[in-house]
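The file work_9.txt comes next; it holds compact mmCIF, C-alpha atoms.
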```txt
# COMPACT_ATOMS: atom_id res chain seq x y z
CA MET A 149 68.77 -34.83 -17.09
CA LYS A 150 70.26 -31.61 -18.43
CA THR A 151 67.39 -29.64 -16.98
CA LEU A 152 67.79 -31.34 -13.62
CA ASN A 153 71.52 -30.61 -13.51
CA PHE A 154 70.95 -26.95 -14.38
CA PHE A 155 68.21 -26.76 -11.77
CA ASN A 156 70.50 -28.15 -9.09
CA TYR A 157 73.30 -25.82 -10.19
CA THR A 158 71.12 -22.72 -10.02
CA SER A 159 69.74 -23.87 -6.67
CA CYS A 160 73.28 -24.09 -5.28
CA ILE A 161 74.16 -20.65 -6.64
CA GLY A 162 71.00 -19.25 -5.06
CA ILE A 163 71.84 -20.77 -1.68
CA ILE A 164 75.38 -19.34 -1.79
CA LEU A 165 74.01 -15.87 -2.54
CA ILE A 166 71.45 -16.14 0.26
CA LEU A 167 74.08 -17.28 2.74
CA LEU A 168 76.36 -14.42 1.74
CA PHE A 169 73.49 -11.95 2.09
CA SER A 170 72.55 -13.20 5.57
CA SER A 171 76.10 -13.47 6.87
CA CYS A 172 76.97 -9.91 5.78
CA GLN A 173 74.12 -8.37 7.78
CA PRO A 174 74.80 -7.22 11.36
CA ALA A 175 72.64 -9.16 13.81
CA VAL A 176 70.50 -6.11 14.61
CA GLU A 177 69.79 -5.58 10.91
CA GLN A 178 69.11 -9.17 9.82
CA LYS A 179 65.94 -9.38 7.81
CA LEU A 180 63.26 -12.02 7.79
CA LEU A 181 63.83 -13.98 4.58
CA ILE A 182 60.56 -14.64 2.73
CA ALA A 183 60.91 -17.13 -0.14
CA THR A 184 58.08 -16.14 -2.47
CA ALA A 185 56.65 -17.65 -5.63
CA ALA A 186 57.16 -15.33 -8.60
CA ASN A 187 53.41 -14.80 -9.11
CA ALA A 188 53.05 -13.48 -5.56
CA ARG A 189 56.10 -11.20 -5.53
CA PHE A 190 54.35 -7.84 -5.84
CA ALA A 191 51.57 -8.71 -3.38
CA ILE A 192 53.95 -10.12 -0.77
CA GLU A 193 56.23 -7.08 -1.08
CA ALA A 194 53.22 -4.90 -0.29
CA ILE A 195 52.26 -7.13 2.64
CA ALA A 196 55.84 -7.16 3.94
CA HIS A 197 55.90 -3.36 3.83
CA GLN A 198 52.68 -3.16 5.83
CA PHE A 199 53.96 -5.82 8.24
CA GLU A 200 57.05 -3.71 8.88
CA GLN A 201 54.91 -0.62 9.49
CA GLU A 202 52.89 -2.47 12.11
CA THR A 203 55.58 -4.55 13.82
CA GLY A 204 58.94 -2.98 13.02
CA ILE A 205 60.14 -6.34 11.66
CA VAL A 206 61.99 -5.89 8.35
CA SER A 207 61.59 -8.56 5.68
CA GLN A 208 63.45 -9.42 2.49
CA VAL A 209 61.22 -10.89 -0.24
CA ILE A 210 63.18 -13.29 -2.46
CA SER A 211 61.26 -14.20 -5.61
CA SER A 212 61.73 -17.35 -7.69
CA SER A 213 59.75 -20.38 -8.81
CA SER A 214 58.19 -22.49 -6.07
CA GLY A 215 60.16 -25.52 -7.25
CA GLN A 216 63.43 -23.60 -7.07
CA HIS A 217 62.70 -22.40 -3.55
CA THR A 218 61.75 -25.93 -2.49
CA ALA A 219 65.05 -27.33 -3.76
CA GLN A 220 66.95 -24.58 -1.96
CA ILE A 221 65.14 -25.19 1.33
CA GLU A 222 65.83 -28.93 1.05
CA ALA A 223 69.51 -28.05 0.58
CA GLY A 224 69.55 -25.83 3.67
CA ALA A 225 68.85 -22.30 2.42
CA PRO A 226 68.20 -20.04 5.45
CA TYR A 227 64.66 -18.97 4.57
CA ASP A 228 62.21 -18.19 7.35
CA VAL A 229 58.88 -18.38 5.51
CA PHE A 230 57.97 -20.04 2.22
CA ILE A 231 55.04 -18.65 0.20
CA SER A 232 54.26 -21.01 -2.66
CA ALA A 233 52.20 -20.89 -5.85
CA ASP A 234 50.53 -24.16 -4.88
CA LEU A 235 50.19 -26.65 -2.03
CA LYS A 236 52.31 -29.42 -3.56
CA PHE A 237 55.70 -27.91 -2.77
CA PRO A 238 55.04 -26.82 0.85
CA GLN A 239 53.34 -30.18 1.49
CA LYS A 240 56.49 -31.91 0.25
CA LEU A 241 58.61 -29.87 2.68
CA HIS A 242 56.21 -30.74 5.49
CA ARG A 243 56.49 -34.45 4.69
CA LEU A 244 60.26 -34.07 4.87
CA GLY A 245 59.95 -32.55 8.34
CA LEU A 246 61.23 -29.14 7.25
CA THR A 247 58.25 -27.01 8.34
CA LEU A 248 56.74 -26.15 11.71
CA ALA A 249 53.26 -27.22 10.62
CA GLU A 250 51.19 -28.20 7.62
CA PRO A 251 50.80 -25.46 4.99
CA GLY A 252 47.91 -23.05 5.26
CA ILE A 253 46.00 -21.82 2.21
CA TYR A 254 46.47 -18.05 2.06
CA ALA A 255 44.68 -17.44 -1.26
CA TYR A 256 43.53 -18.82 -4.60
CA GLY A 257 45.22 -17.55 -7.74
CA THR A 258 43.49 -16.21 -10.84
CA LEU A 259 44.67 -17.15 -14.34
CA VAL A 260 44.54 -14.46 -17.04
CA LEU A 261 45.37 -14.04 -20.71
CA TRP A 262 47.57 -10.98 -21.29
CA THR A 263 48.69 -9.22 -24.46
CA LEU A 264 50.50 -5.99 -25.24
CA SER A 265 48.97 -5.91 -28.72
CA GLY A 266 46.04 -3.59 -29.28
CA SER A 267 44.70 -5.77 -32.08
CA ILE A 268 44.50 -9.09 -30.22
CA GLU A 269 41.48 -10.12 -28.19
CA PRO A 270 42.64 -11.81 -24.95
CA GLN A 271 40.16 -14.68 -25.02
CA VAL A 272 40.94 -18.40 -24.95
CA THR A 273 38.50 -19.18 -27.74
CA ALA A 274 40.13 -16.53 -29.96
CA LEU A 275 43.61 -18.08 -29.78
CA THR A 276 42.98 -20.16 -32.91
CA SER A 277 42.45 -17.02 -34.97
CA MET A 278 46.11 -15.96 -34.74
CA PRO A 279 48.07 -18.13 -37.20
CA GLY A 280 51.83 -17.86 -36.71
CA ALA A 281 51.55 -16.07 -33.37
CA HIS A 282 53.42 -17.32 -30.32
CA ILE A 283 51.36 -18.02 -27.19
CA ALA A 284 53.32 -17.99 -23.93
CA MET A 285 52.53 -20.07 -20.87
CA PRO A 286 54.47 -21.42 -17.89
CA ASN A 287 55.65 -25.01 -18.32
CA PRO A 288 52.65 -27.11 -17.19
CA LYS A 289 54.97 -29.89 -15.99
CA ILE A 290 56.46 -27.74 -13.23
CA ALA A 291 54.47 -24.50 -12.88
CA PRO A 292 51.03 -24.29 -11.18
CA TYR A 293 49.79 -21.53 -13.48
CA GLY A 294 51.05 -23.55 -16.45
CA ARG A 295 48.98 -26.53 -15.32
CA ALA A 296 45.95 -24.27 -15.03
CA ALA A 297 46.55 -22.85 -18.53
CA LYS A 298 46.80 -26.35 -20.02
CA GLU A 299 43.60 -27.37 -18.24
CA ALA A 300 41.80 -24.31 -19.66
CA LEU A 301 43.02 -25.10 -23.17
CA ASP A 302 42.07 -28.77 -22.78
CA PHE A 303 38.60 -27.72 -21.58
CA HIS A 304 38.07 -25.98 -24.92
CA GLY A 305 39.79 -28.78 -26.87
CA LEU A 306 42.54 -26.41 -28.03
CA TYR A 307 45.79 -27.62 -26.44
CA ASP A 308 46.76 -30.06 -29.20
CA GLU A 309 45.58 -27.69 -31.94
CA LEU A 310 47.73 -24.86 -30.56
CA SER A 311 50.75 -26.98 -29.59
CA SER A 312 52.96 -25.63 -32.39
CA SER A 313 52.25 -22.04 -31.27
CA LEU A 314 52.97 -22.53 -27.56
CA VAL A 315 56.13 -21.09 -26.00
CA PHE A 316 56.89 -22.42 -22.51
CA GLY A 317 58.51 -20.37 -19.77
CA GLU A 318 60.34 -22.28 -17.04
CA SER A 319 58.52 -20.04 -14.56
CA ILE A 320 55.78 -17.45 -14.60
CA ALA A 321 58.49 -14.77 -14.44
CA GLN A 322 60.04 -15.98 -17.69
CA THR A 323 56.59 -16.21 -19.26
CA ASN A 324 55.97 -12.58 -18.31
CA MET A 325 59.24 -11.63 -20.01
CA PHE A 326 58.05 -13.31 -23.22
CA ILE A 327 54.84 -11.26 -23.09
CA LEU A 328 56.43 -7.94 -22.11
CA SER A 329 59.13 -8.24 -24.79
CA GLU A 330 56.43 -9.26 -27.29
CA THR A 331 58.42 -12.39 -28.09
CA ALA A 332 54.96 -13.89 -27.63
CA SER A 333 51.87 -12.12 -28.96
CA ILE A 334 49.81 -13.21 -25.98
CA GLY A 335 50.24 -15.41 -22.93
CA PHE A 336 48.85 -16.92 -19.76
CA THR A 337 49.93 -15.39 -16.46
CA ALA A 338 48.60 -14.50 -13.01
CA ALA A 339 46.17 -11.69 -12.26
CA SER A 340 48.55 -10.65 -9.47
CA ILE A 341 51.10 -9.67 -12.13
CA VAL A 342 48.87 -7.57 -14.39
CA MET A 343 47.17 -5.92 -11.39
CA ALA A 344 50.44 -4.81 -9.80
CA PRO A 345 50.85 -1.00 -9.87
CA SER A 346 53.98 -1.25 -12.02
CA MET A 347 52.11 -3.31 -14.63
CA LYS A 348 48.83 -1.45 -14.81
CA ASN A 349 47.98 0.03 -18.21
CA LYS A 350 50.47 -2.31 -19.92
CA GLY A 351 48.46 -4.06 -22.58
CA ARG A 352 45.12 -5.77 -22.12
CA TRP A 353 44.12 -8.83 -20.14
CA LEU A 354 41.09 -10.95 -19.37
CA ALA A 355 40.54 -13.45 -16.57
CA VAL A 356 40.16 -17.05 -17.74
CA ASP A 357 36.88 -18.72 -16.72
CA LYS A 358 37.60 -20.42 -13.38
CA ASN A 359 35.27 -23.27 -14.31
CA THR A 360 37.82 -24.37 -16.93
CA TYR A 361 40.73 -25.12 -14.58
CA ALA A 362 41.28 -26.57 -11.12
CA PRO A 363 41.66 -24.05 -8.27
CA ILE A 364 45.17 -22.62 -7.95
CA THR A 365 45.49 -23.26 -4.24
CA GLN A 366 48.41 -21.29 -2.83
CA GLY A 367 50.01 -22.34 0.45
CA ALA A 368 52.50 -20.96 2.97
CA VAL A 369 54.66 -22.46 5.72
CA VAL A 370 57.17 -21.44 8.37
CA ILE A 371 60.50 -23.19 7.87
CA LYS A 372 61.61 -25.27 10.87
CA GLN A 373 65.29 -24.35 10.46
CA SER A 374 64.49 -20.62 10.66
CA SER A 375 66.75 -18.76 13.07
CA ARG A 376 63.94 -16.24 13.65
CA GLN A 377 60.97 -18.50 14.29
CA GLU A 378 59.00 -16.09 16.45
CA GLU A 379 59.19 -13.31 13.85
CA ALA A 380 58.48 -15.84 11.09
CA LYS A 381 55.34 -17.05 12.87
CA LYS A 382 54.20 -13.43 13.27
CA PHE A 383 54.60 -12.85 9.51
CA TYR A 384 52.76 -16.10 8.75
CA LEU A 385 49.84 -15.07 10.94
CA PHE A 386 49.85 -11.59 9.41
CA LEU A 387 49.51 -13.20 5.96
CA PHE A 388 46.09 -14.46 7.05
CA SER A 389 45.02 -11.18 8.67
CA PRO A 390 42.25 -8.91 7.30
CA THR A 391 44.95 -6.35 6.38
CA ALA A 392 46.87 -8.85 4.25
CA LYS A 393 43.68 -10.24 2.71
CA LYS A 394 42.70 -6.74 1.60
CA ILE A 395 46.07 -6.40 -0.16
CA LEU A 396 45.76 -9.85 -1.75
CA LEU A 397 42.32 -8.92 -3.10
CA GLU A 398 43.82 -5.82 -4.70
CA TYR A 399 46.21 -8.11 -6.59
CA GLY A 400 43.49 -10.37 -7.94
CA TYR A 401 43.63 -13.21 -5.42
CA THR A 402 40.45 -14.72 -4.02
CA PHE A 403 39.58 -16.68 -0.90
CA ASP A 404 37.03 -18.96 -2.52
CA GLU A 405 37.84 -21.56 -5.14
CA LYS A 406 35.38 -20.30 -7.76
CA ILE A 407 35.02 -16.54 -7.23
```

Show the structure stored in the file as structure tokens.
Amino acid sequence: MKTLNFFNYTSCIGIILILLFSSCQPAVEQKLLIATAANARFAIEAIAHQFEQETGIVSQVISSSSGQHTAQIEAGAPYDVFISADLKFPQKLHRLGLTLAEPGIYAYGTLVLWTLSGSIEPQVTALTSMPGAHIAMPNPKIAPYGRAAKEALDFHGLYDELSSSLVFGESIAQTNMFILSETASIGFTAASIVMAPSMKNKGRWLAVDKNTYAPITQGAVVIKQSSRQEEAKKFYLFLFSPTAKKILLEYGYTFDEKI
């Protein structure tokens, strides 16, 4: 219950900040508000930049967990497009009648093991050889990449064995902080994080075998309450364009479940 109350509180704070942001912008300068899952932040920022170059439409990418964005949209946050880390959250919004259409799958995510230590081998099967080390992962109860990490550990029969070493982030962003600060010796995150230009050459990483976890199916929707539906639909369509797909590939996303 404490977590739920905090979640609702932070959702309300987020909505207030978004409303203040949108209301302070002159009409001619209002930006398309793109609610983006934390794992996709860098890729969507690159896509939004290219979208602006081609259309002149300026976007504001707002990054948080998919669950947080979903709660904010349910509460009336003025987002135009929602880009999620899975299908579950946008499907929920569609069932509630808050989207223009069912979510489309824009990409499949890739799970990786990432470490800043030069002496640690980023392999799932090597995690048992690090007694006393902390292993970071997003909370599998609420985070899509956390669920994938748990599935990969379960596949190798390691989740219970490593339970005392696991450190859970409430989002992939918090998990990345654990890894970057070396609070955790190693951790599970998204390829789109470690392949971002600002993260390249920071530590070592290795993709987790995709046969060990269910596909991380990432979906997007246009929000029905958007005040800029035409521009929002243009961005949504651009997300599925060859130009956007090329950018997504550069950030480690795939368009097939098992590639």

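Atom CA of Lys393 of chain A lies 24.9 Å from atom CA of Ala297 of chain A.
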
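Among the candidates A:Leu396, A:Phe230, A:Ile253, A:Ala183, the one nearest to Met343 of chain A when counting only C-alpha atoms is A:Leu396.
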
Next item on the list: Do a neighbour search on His242 of chain A at 12 Å with all atoms listed in the file, toss out local chain neighbours closer than 5 positions, and write the hits as JSON, numbers by chain.
Entry: {"A": [218, 221, 222, 230, 235, 236, 237, 247, 248, 249, 250, 251, 252, 367, 368, 369, 370, 371, 372]}

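Of note, atom CA of Thr258 of chain A and atom CA of Ala225 of chain A are spaced 29.3 Å apart.
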
Neighbouring residues of Arg376 of chain A were defined as those with any atom within 12 Å, considering all atoms listed in the file; residues of the same chain fewer than 5 positions away were excluded. Please report them as a compact mmCIF listing (two decimals) with C-alpha atoms, in the frame of the given file.
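Written output follows (result_2.txt):
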```
# COMPACT_ATOMS: atom_id res chain seq x y z
CA ALA A 175 72.64 -9.16 13.81
CA GLN A 178 69.11 -9.17 9.82
CA LYS A 179 65.94 -9.38 7.81
CA LEU A 180 63.26 -12.02 7.79
CA LEU A 181 63.83 -13.98 4.58
CA ILE A 182 60.56 -14.64 2.73
CA ILE A 205 60.14 -6.34 11.66
CA VAL A 206 61.99 -5.89 8.35
CA SER A 207 61.59 -8.56 5.68
CA PRO A 226 68.20 -20.04 5.45
CA TYR A 227 64.66 -18.97 4.57
CA ASP A 228 62.21 -18.19 7.35
CA VAL A 229 58.88 -18.38 5.51
CA VAL A 370 57.17 -21.44 8.37
CA ILE A 371 60.50 -23.19 7.87
CA LYS A 381 55.34 -17.05 12.87
CA LYS A 382 54.20 -13.43 13.27
CA PHE A 383 54.60 -12.85 9.51
```

Export: segment 352-401 of chain A, N, CA and C atoms, as a PDB file, in the first residue's frame:
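Result written to out.pdb:
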```
ATOM      1  N   ARG A 352      31.341  -2.821 -20.055  1.00  0.00           N
ATOM      2  CA  ARG A 352      31.177  -3.891 -21.033  1.00  0.00           C
ATOM      3  C   ARG A 352      29.784  -4.483 -20.893  1.00  0.00           C
ATOM      4  N   TRP A 353      29.246  -4.973 -22.013  1.00  0.00           N
ATOM      5  CA  TRP A 353      27.924  -5.573 -21.968  1.00  0.00           C
ATOM      6  C   TRP A 353      27.831  -6.732 -22.947  1.00  0.00           C
ATOM      7  N   LEU A 354      26.853  -7.577 -22.720  1.00  0.00           N
ATOM      8  CA  LEU A 354      26.621  -8.723 -23.600  1.00  0.00           C
ATOM      9  C   LEU A 354      25.120  -8.971 -23.669  1.00  0.00           C
ATOM     10  N   ALA A 355      24.618  -9.176 -24.878  1.00  0.00           N
ATOM     11  CA  ALA A 355      23.193  -9.462 -25.043  1.00  0.00           C
ATOM     12  C   ALA A 355      22.857 -10.817 -24.440  1.00  0.00           C
ATOM     13  N   VAL A 356      21.732 -10.879 -23.748  1.00  0.00           N
ATOM     14  CA  VAL A 356      21.247 -12.133 -23.171  1.00  0.00           C
ATOM     15  C   VAL A 356      20.558 -12.932 -24.273  1.00  0.00           C
ATOM     16  N   ASP A 357      20.793 -14.234 -24.285  1.00  0.00           N
ATOM     17  CA  ASP A 357      20.207 -15.130 -25.288  1.00  0.00           C
ATOM     18  C   ASP A 357      18.686 -14.931 -25.336  1.00  0.00           C
ATOM     19  N   LYS A 358      18.169 -14.557 -26.506  1.00  0.00           N
ATOM     20  CA  LYS A 358      16.736 -14.275 -26.628  1.00  0.00           C
ATOM     21  C   LYS A 358      15.871 -15.521 -26.506  1.00  0.00           C
ATOM     22  N   ASN A 359      16.478 -16.694 -26.559  1.00  0.00           N
ATOM     23  CA  ASN A 359      15.721 -17.922 -26.366  1.00  0.00           C
ATOM     24  C   ASN A 359      15.423 -18.182 -24.893  1.00  0.00           C
ATOM     25  N   THR A 360      15.982 -17.347 -24.008  1.00  0.00           N
ATOM     26  CA  THR A 360      15.796 -17.573 -22.569  1.00  0.00           C
ATOM     27  C   THR A 360      14.737 -16.663 -21.955  1.00  0.00           C
ATOM     28  N   TYR A 361      14.139 -15.773 -22.751  1.00  0.00           N
ATOM     29  CA  TYR A 361      13.076 -14.913 -22.216  1.00  0.00           C
ATOM     30  C   TYR A 361      12.055 -14.606 -23.307  1.00  0.00           C
ATOM     31  N   ALA A 362      10.840 -14.313 -22.886  1.00  0.00           N
ATOM     32  CA  ALA A 362       9.767 -14.002 -23.835  1.00  0.00           C
ATOM     33  C   ALA A 362      10.079 -12.686 -24.549  1.00  0.00           C
ATOM     34  N   PRO A 363       9.630 -12.538 -25.778  1.00  0.00           N
ATOM     35  CA  PRO A 363       9.892 -11.298 -26.525  1.00  0.00           C
ATOM     36  C   PRO A 363       9.428 -10.067 -25.757  1.00  0.00           C
ATOM     37  N   ILE A 364      10.266  -9.033 -25.759  1.00  0.00           N
ATOM     38  CA  ILE A 364       9.897  -7.754 -25.132  1.00  0.00           C
ATOM     39  C   ILE A 364       9.221  -6.929 -26.221  1.00  0.00           C
ATOM     40  N   THR A 365       7.912  -7.088 -26.299  1.00  0.00           N
ATOM     41  CA  THR A 365       7.115  -6.487 -27.359  1.00  0.00           C
ATOM     42  C   THR A 365       6.710  -5.074 -26.961  1.00  0.00           C
ATOM     43  N   GLN A 366       7.230  -4.089 -27.667  1.00  0.00           N
ATOM     44  CA  GLN A 366       7.024  -2.691 -27.284  1.00  0.00           C
ATOM     45  C   GLN A 366       5.984  -2.017 -28.179  1.00  0.00           C
ATOM     46  N   GLY A 367       4.983  -1.395 -27.545  1.00  0.00           N
ATOM     47  CA  GLY A 367       3.861  -0.840 -28.287  1.00  0.00           C
ATOM     48  C   GLY A 367       3.718   0.659 -28.136  1.00  0.00           C
ATOM     49  N   ALA A 368       3.008   1.272 -29.082  1.00  0.00           N
ATOM     50  CA  ALA A 368       2.780   2.719 -29.064  1.00  0.00           C
ATOM     51  C   ALA A 368       1.325   3.016 -29.423  1.00  0.00           C
ATOM     52  N   VAL A 369       0.816   4.129 -28.894  1.00  0.00           N
ATOM     53  CA  VAL A 369      -0.555   4.553 -29.174  1.00  0.00           C
ATOM     54  C   VAL A 369      -0.634   6.078 -29.243  1.00  0.00           C
ATOM     55  N   VAL A 370      -1.657   6.555 -29.938  1.00  0.00           N
ATOM     56  CA  VAL A 370      -2.000   7.979 -29.913  1.00  0.00           C
ATOM     57  C   VAL A 370      -3.094   8.144 -28.859  1.00  0.00           C
ATOM     58  N   ILE A 371      -2.939   9.131 -27.996  1.00  0.00           N
ATOM     59  CA  ILE A 371      -3.888   9.351 -26.909  1.00  0.00           C
ATOM     60  C   ILE A 371      -5.107  10.119 -27.435  1.00  0.00           C
ATOM     61  N   LYS A 372      -6.293   9.595 -27.117  1.00  0.00           N
ATOM     62  CA  LYS A 372      -7.536  10.169 -27.641  1.00  0.00           C
ATOM     63  C   LYS A 372      -7.745  11.618 -27.205  1.00  0.00           C
ATOM     64  N   GLN A 373      -7.311  11.943 -25.967  1.00  0.00           N
ATOM     65  CA  GLN A 373      -7.540  13.292 -25.447  1.00  0.00           C
ATOM     66  C   GLN A 373      -6.514  14.308 -25.958  1.00  0.00           C
ATOM     67  N   SER A 374      -5.619  13.888 -26.840  1.00  0.00           N
ATOM     68  CA  SER A 374      -4.609  14.787 -27.392  1.00  0.00           C
ATOM     69  C   SER A 374      -5.267  15.996 -28.042  1.00  0.00           C
ATOM     70  N   SER A 375      -4.706  17.163 -27.774  1.00  0.00           N
ATOM     71  CA  SER A 375      -5.210  18.390 -28.400  1.00  0.00           C
ATOM     72  C   SER A 375      -4.562  18.613 -29.764  1.00  0.00           C
ATOM     73  N   ARG A 376      -3.620  17.724 -30.126  1.00  0.00           N
ATOM     74  CA  ARG A 376      -2.915  17.858 -31.410  1.00  0.00           C
ATOM     75  C   ARG A 376      -2.930  16.501 -32.115  1.00  0.00           C
ATOM     76  N   GLN A 377      -4.127  15.984 -32.328  1.00  0.00           N
ATOM     77  CA  GLN A 377      -4.261  14.632 -32.859  1.00  0.00           C
ATOM     78  C   GLN A 377      -3.625  14.448 -34.229  1.00  0.00           C
ATOM     79  N   GLU A 378      -3.766  15.419 -35.107  1.00  0.00           N
ATOM     80  CA  GLU A 378      -3.206  15.262 -36.449  1.00  0.00           C
ATOM     81  C   GLU A 378      -1.691  15.152 -36.411  1.00  0.00           C
ATOM     82  N   GLU A 379      -1.052  16.018 -35.619  1.00  0.00           N
ATOM     83  CA  GLU A 379       0.410  15.945 -35.467  1.00  0.00           C
ATOM     84  C   GLU A 379       0.814  14.651 -34.760  1.00  0.00           C
ATOM     85  N   ALA A 380       0.015  14.243 -33.771  1.00  0.00           N
ATOM     86  CA  ALA A 380       0.309  13.012 -33.034  1.00  0.00           C
ATOM     87  C   ALA A 380       0.247  11.806 -33.959  1.00  0.00           C
ATOM     88  N   LYS A 381      -0.750  11.776 -34.835  1.00  0.00           N
ATOM     89  CA  LYS A 381      -0.869  10.657 -35.777  1.00  0.00           C
ATOM     90  C   LYS A 381       0.302  10.656 -36.762  1.00  0.00           C
ATOM     91  N   LYS A 382       0.772  11.837 -37.143  1.00  0.00           N
ATOM     92  CA  LYS A 382       1.939  11.911 -38.029  1.00  0.00           C
ATOM     93  C   LYS A 382       3.179  11.330 -37.342  1.00  0.00           C
ATOM     94  N   PHE A 383       3.359  11.671 -36.044  1.00  0.00           N
ATOM     95  CA  PHE A 383       4.513  11.132 -35.318  1.00  0.00           C
ATOM     96  C   PHE A 383       4.392   9.619 -35.195  1.00  0.00           C
ATOM     97  N   TYR A 384       3.198   9.142 -34.870  1.00  0.00           N
ATOM     98  CA  TYR A 384       2.971   7.701 -34.735  1.00  0.00           C
ATOM     99  C   TYR A 384       3.334   6.980 -36.032  1.00  0.00           C
ATOM    100  N   LEU A 385       2.871   7.492 -37.153  1.00  0.00           N
ATOM    101  CA  LEU A 385       3.190   6.868 -38.435  1.00  0.00           C
ATOM    102  C   LEU A 385       4.685   6.947 -38.731  1.00  0.00           C
ATOM    103  N   PHE A 386       5.309   8.049 -38.348  1.00  0.00           N
ATOM    104  CA  PHE A 386       6.751   8.206 -38.569  1.00  0.00           C
ATOM    105  C   PHE A 386       7.539   7.161 -37.769  1.00  0.00           C
ATOM    106  N   LEU A 387       7.014   6.793 -36.590  1.00  0.00           N
ATOM    107  CA  LEU A 387       7.667   5.792 -35.745  1.00  0.00           C
ATOM    108  C   LEU A 387       7.806   4.452 -36.456  1.00  0.00           C
ATOM    109  N   PHE A 388       6.914   4.200 -37.421  1.00  0.00           N
ATOM    110  CA  PHE A 388       6.941   2.930 -38.150  1.00  0.00           C
ATOM    111  C   PHE A 388       7.584   3.076 -39.535  1.00  0.00           C
ATOM    112  N   SER A 389       8.139   4.246 -39.803  1.00  0.00           N
ATOM    113  CA  SER A 389       8.741   4.506 -41.114  1.00  0.00           C
ATOM    114  C   SER A 389      10.128   3.876 -41.219  1.00  0.00           C
ATOM    115  N   PRO A 390      10.638   3.670 -42.441  1.00  0.00           N
ATOM    116  CA  PRO A 390      12.001   3.152 -42.616  1.00  0.00           C
ATOM    117  C   PRO A 390      13.055   4.019 -41.911  1.00  0.00           C
ATOM    118  N   THR A 391      12.849   5.336 -41.894  1.00  0.00           N
ATOM    119  CA  THR A 391      13.799   6.232 -41.232  1.00  0.00           C
ATOM    120  C   THR A 391      13.866   5.937 -39.737  1.00  0.00           C
ATOM    121  N   ALA A 392      12.710   5.810 -39.099  1.00  0.00           N
ATOM    122  CA  ALA A 392      12.682   5.530 -37.668  1.00  0.00           C
ATOM    123  C   ALA A 392      13.206   4.126 -37.372  1.00  0.00           C
ATOM    124  N   LYS A 393      12.877   3.180 -38.232  1.00  0.00           N
ATOM    125  CA  LYS A 393      13.351   1.807 -38.014  1.00  0.00           C
ATOM    126  C   LYS A 393      14.879   1.742 -38.069  1.00  0.00           C
ATOM    127  N   LYS A 394      15.455   2.506 -38.960  1.00  0.00           N
ATOM    128  CA  LYS A 394      16.921   2.554 -39.052  1.00  0.00           C
ATOM    129  C   LYS A 394      17.514   3.058 -37.739  1.00  0.00           C
ATOM    130  N   ILE A 395      16.900   4.087 -37.159  1.00  0.00           N
ATOM    131  CA  ILE A 395      17.375   4.620 -35.874  1.00  0.00           C
ATOM    132  C   ILE A 395      17.189   3.592 -34.773  1.00  0.00           C
ATOM    133  N   LEU A 396      16.040   2.936 -34.746  1.00  0.00           N
ATOM    134  CA  LEU A 396      15.777   1.924 -33.713  1.00  0.00           C
ATOM    135  C   LEU A 396      16.790   0.778 -33.791  1.00  0.00           C
ATOM    136  N   LEU A 397      17.151   0.383 -35.002  1.00  0.00           N
ATOM    137  CA  LEU A 397      18.165  -0.664 -35.162  1.00  0.00           C
ATOM    138  C   LEU A 397      19.505  -0.233 -34.571  1.00  0.00           C
ATOM    139  N   GLU A 398      19.826   1.039 -34.742  1.00  0.00           N
ATOM    140  CA  GLU A 398      21.093   1.558 -34.208  1.00  0.00           C
ATOM    141  C   GLU A 398      21.122   1.533 -32.681  1.00  0.00           C
ATOM    142  N   TYR A 399      19.948   1.461 -32.062  1.00  0.00           N
ATOM    143  CA  TYR A 399      19.863   1.413 -30.608  1.00  0.00           C
ATOM    144  C   TYR A 399      19.570  -0.002 -30.088  1.00  0.00           C
ATOM    145  N   GLY A 400      19.741  -0.980 -30.941  1.00  0.00           N
ATOM    146  CA  GLY A 400      19.640  -2.361 -30.492  1.00  0.00           C
ATOM    147  C   GLY A 400      18.271  -2.993 -30.548  1.00  0.00           C
ATOM    148  N   TYR A 401      17.279  -2.263 -31.057  1.00  0.00           N
ATOM    149  CA  TYR A 401      15.950  -2.864 -31.198  1.00  0.00           C
ATOM    150  C   TYR A 401      15.908  -3.755 -32.427  1.00  0.00           C
TER     151      TYR A 401
END
```
